Structures are given as structure tokens and as C-alpha cells.
Amino acid sequence: AQPTPTDGVSVGQGELQREAEVRVLFKTTLERKSALMAAIAQCHPYEVPDIHAETLADVHPPYADWVAASVNRSKPEAGRRGRSKMAGAK
């Protein structure tokens, strides 16, 4: 998951409202998309949360394989993609 702080702007009770929010990007497979969306909706504090899916057309095959393997494992270490190539760069 990749959380990003953002400002939410909406119209509620007839007036413009601004509120600090956090946008979270989750990666999953098409097979698990519905279950993920339902889980987010169930625990989200908003009555009508902004939950949507974006299907990616072109994905680097090793990354797609990593996502599929990650969502099909139950161990926490499944989220590790390995050391960043930039970690040792100077």
C-alpha cells in the first residue's frame, strides 16, 4: 500500500467542505479486486468512500508476477520486493 496525504474537497450539507485525507494505493489482482474493495468499504469511516479501481494495461512482467505472488501469500514478508537499486547509489 502507498499512502499519500491529500486535501479532500466536497460539497456536504449544501456547502463546500475541505478536509485532510489520505489517498491509499493498493495493488492487487483482478481476481482479488472485489474482495479488497469490499474490505475497504467495510472499515472506511465515510458513508460513501471514494473507492475505485484502475486496471493497468501494460505492466512490467516481473512486477505483475510479484504482485500476484504477494496477494496470494499470507506471510507479511510477501510485501518485500528486494533492495532498491537506488539504495546504494551515490
# chains A, B, ... in the order shown; residues from 1 in each chain; ligands from 1
>>> residues_around(residues="Asp7 in chain A", least_positions_apart="6", cutoff="9 Å", atoms="only C-alpha atoms", output="number ranges by chain")
A: 18-22
>>> closest_residue(among="A:Ala35, A:Val9, A:Leu30, A:Ala68", to="Asp50 in chain A", atoms="only C-alpha atoms")
A:Val9
>>> select_by_dssp(residues="range 18-77 of chain A", states="strand (DSSP E or B)", output="PyMOL selection string")
chain A and resi 18-25
>>> write_last_selection(atoms="C-alpha atoms", output="PDB file, in the first residue's frame")
ATOM      1  CA  ARG A  18     -12.301  20.753   2.914  1.00  0.00           C
ATOM      2  CA  GLU A  19     -10.779  18.003   4.999  1.00  0.00           C
ATOM      3  CA  ALA A  20      -7.361  16.368   5.316  1.00  0.00           C
ATOM      4  CA  GLU A  21      -7.496  12.870   3.855  1.00  0.00           C
ATOM      5  CA  VAL A  22      -5.104  10.089   2.938  1.00  0.00           C
ATOM      6  CA  ARG A  23      -5.254   8.517  -0.510  1.00  0.00           C
ATOM      7  CA  VAL A  24      -4.041   4.925  -0.399  1.00  0.00           C
ATOM      8  CA  LEU A  25      -2.993   2.989  -3.475  1.00  0.00           C
TER       9      LEU A  25
END
>>> closest_residue(among="A:Thr55, A:Gly14, A:His60, A:Cys43", to="Thr29 in chain A", atoms="only C-alpha atoms")
A:Thr55
>>> select_by_dssp(residues="chain A", states="helix (DSSP H, G or I)", output="VMD selection string")
chain A and resid 30 to 43 61 to 71 76 to 79
>>> write_last_selection(atoms="N, CA and C atoms", output="CSV table (one decimal), in the first residue's frame")
chain,number,residue,atom,x,y,z
A,30,LEU,N,-6.9,-8.9,-10.5
A,30,LEU,CA,-8.3,-8.8,-10.9
A,30,LEU,C,-9.2,-9.8,-10.1
A,31,GLU,N,-8.6,-10.9,-9.8
A,31,GLU,CA,-9.3,-11.9,-9.0
A,31,GLU,C,-9.7,-11.5,-7.6
A,32,ARG,N,-8.8,-10.6,-7.0
A,32,ARG,CA,-9.0,-10.2,-5.6
A,32,ARG,C,-9.5,-8.8,-5.5
A,33,LYS,N,-9.8,-8.1,-6.6
A,33,LYS,CA,-10.2,-6.7,-6.6
A,33,LYS,C,-11.5,-6.5,-5.8
A,34,SER,N,-12.5,-7.3,-6.1
A,34,SER,CA,-13.8,-7.1,-5.4
A,34,SER,C,-13.7,-7.3,-3.9
A,35,ALA,N,-13.0,-8.3,-3.5
A,35,ALA,CA,-12.8,-8.6,-2.1
A,35,ALA,C,-12.1,-7.4,-1.4
A,36,LEU,N,-11.0,-6.9,-2.0
A,36,LEU,CA,-10.3,-5.7,-1.5
A,36,LEU,C,-11.2,-4.5,-1.4
A,37,MET,N,-12.0,-4.2,-2.4
A,37,MET,CA,-12.9,-3.1,-2.4
A,37,MET,C,-13.9,-3.2,-1.3
A,38,ALA,N,-14.5,-4.4,-1.1
A,38,ALA,CA,-15.4,-4.7,0.0
A,38,ALA,C,-14.8,-4.5,1.3
A,39,ALA,N,-13.6,-4.9,1.5
A,39,ALA,CA,-12.9,-4.8,2.8
A,39,ALA,C,-12.7,-3.3,3.1
A,40,ILE,N,-12.2,-2.6,2.2
A,40,ILE,CA,-12.0,-1.1,2.4
A,40,ILE,C,-13.3,-0.4,2.7
A,41,ALA,N,-14.4,-0.7,2.0
A,41,ALA,CA,-15.7,-0.1,2.3
A,41,ALA,C,-16.2,-0.4,3.7
A,42,GLN,N,-16.0,-1.6,4.1
A,42,GLN,CA,-16.5,-2.1,5.4
A,42,GLN,C,-15.8,-1.3,6.5
A,43,CYS,N,-14.5,-1.0,6.4
A,43,CYS,CA,-13.8,-0.4,7.5
A,43,CYS,C,-13.6,1.1,7.3
A,61,PRO,N,6.4,-7.3,-16.6
A,61,PRO,CA,6.0,-8.7,-16.2
A,61,PRO,C,6.6,-9.2,-14.9
A,62,PRO,N,7.8,-8.9,-14.5
A,62,PRO,CA,8.3,-9.3,-13.2
A,62,PRO,C,7.5,-8.6,-12.1
A,63,TYR,N,7.1,-7.4,-12.3
A,63,TYR,CA,6.3,-6.7,-11.2
A,63,TYR,C,5.0,-7.3,-11.1
A,64,ALA,N,4.3,-7.6,-12.2
A,64,ALA,CA,3.0,-8.2,-12.2
A,64,ALA,C,3.1,-9.6,-11.5
A,65,ASP,N,4.1,-10.3,-11.7
A,65,ASP,CA,4.3,-11.6,-11.1
A,65,ASP,C,4.5,-11.4,-9.6
A,66,TRP,N,5.3,-10.4,-9.2
A,66,TRP,CA,5.5,-10.1,-7.8
A,66,TRP,C,4.1,-9.7,-7.1
A,67,VAL,N,3.3,-8.9,-7.7
A,67,VAL,CA,2.0,-8.5,-7.1
A,67,VAL,C,1.2,-9.8,-7.0
A,68,ALA,N,1.1,-10.6,-8.0
A,68,ALA,CA,0.3,-11.9,-7.9
A,68,ALA,C,0.8,-12.8,-6.8
A,69,ALA,N,2.1,-12.9,-6.7
A,69,ALA,CA,2.6,-13.7,-5.6
A,69,ALA,C,2.4,-13.1,-4.2
A,70,SER,N,2.4,-11.8,-4.1
A,70,SER,CA,2.2,-11.1,-2.8
A,70,SER,C,0.8,-11.3,-2.3
A,71,VAL,N,-0.2,-11.1,-3.2
A,71,VAL,CA,-1.6,-11.2,-2.7
A,71,VAL,C,-2.0,-12.6,-2.5
A,76,PRO,N,3.6,-11.9,6.1
A,76,PRO,CA,4.0,-10.4,6.0
A,76,PRO,C,5.1,-10.2,5.1
A,77,GLU,N,6.1,-11.1,5.0
A,77,GLU,CA,7.3,-10.8,4.2
A,77,GLU,C,7.0,-10.8,2.7
A,78,ALA,N,5.8,-11.2,2.3
A,78,ALA,CA,5.4,-11.2,0.9
A,78,ALA,C,5.5,-9.8,0.3
A,79,GLY,N,5.4,-8.8,1.1
A,79,GLY,CA,5.5,-7.4,0.6
A,79,GLY,C,6.8,-6.9,0.2
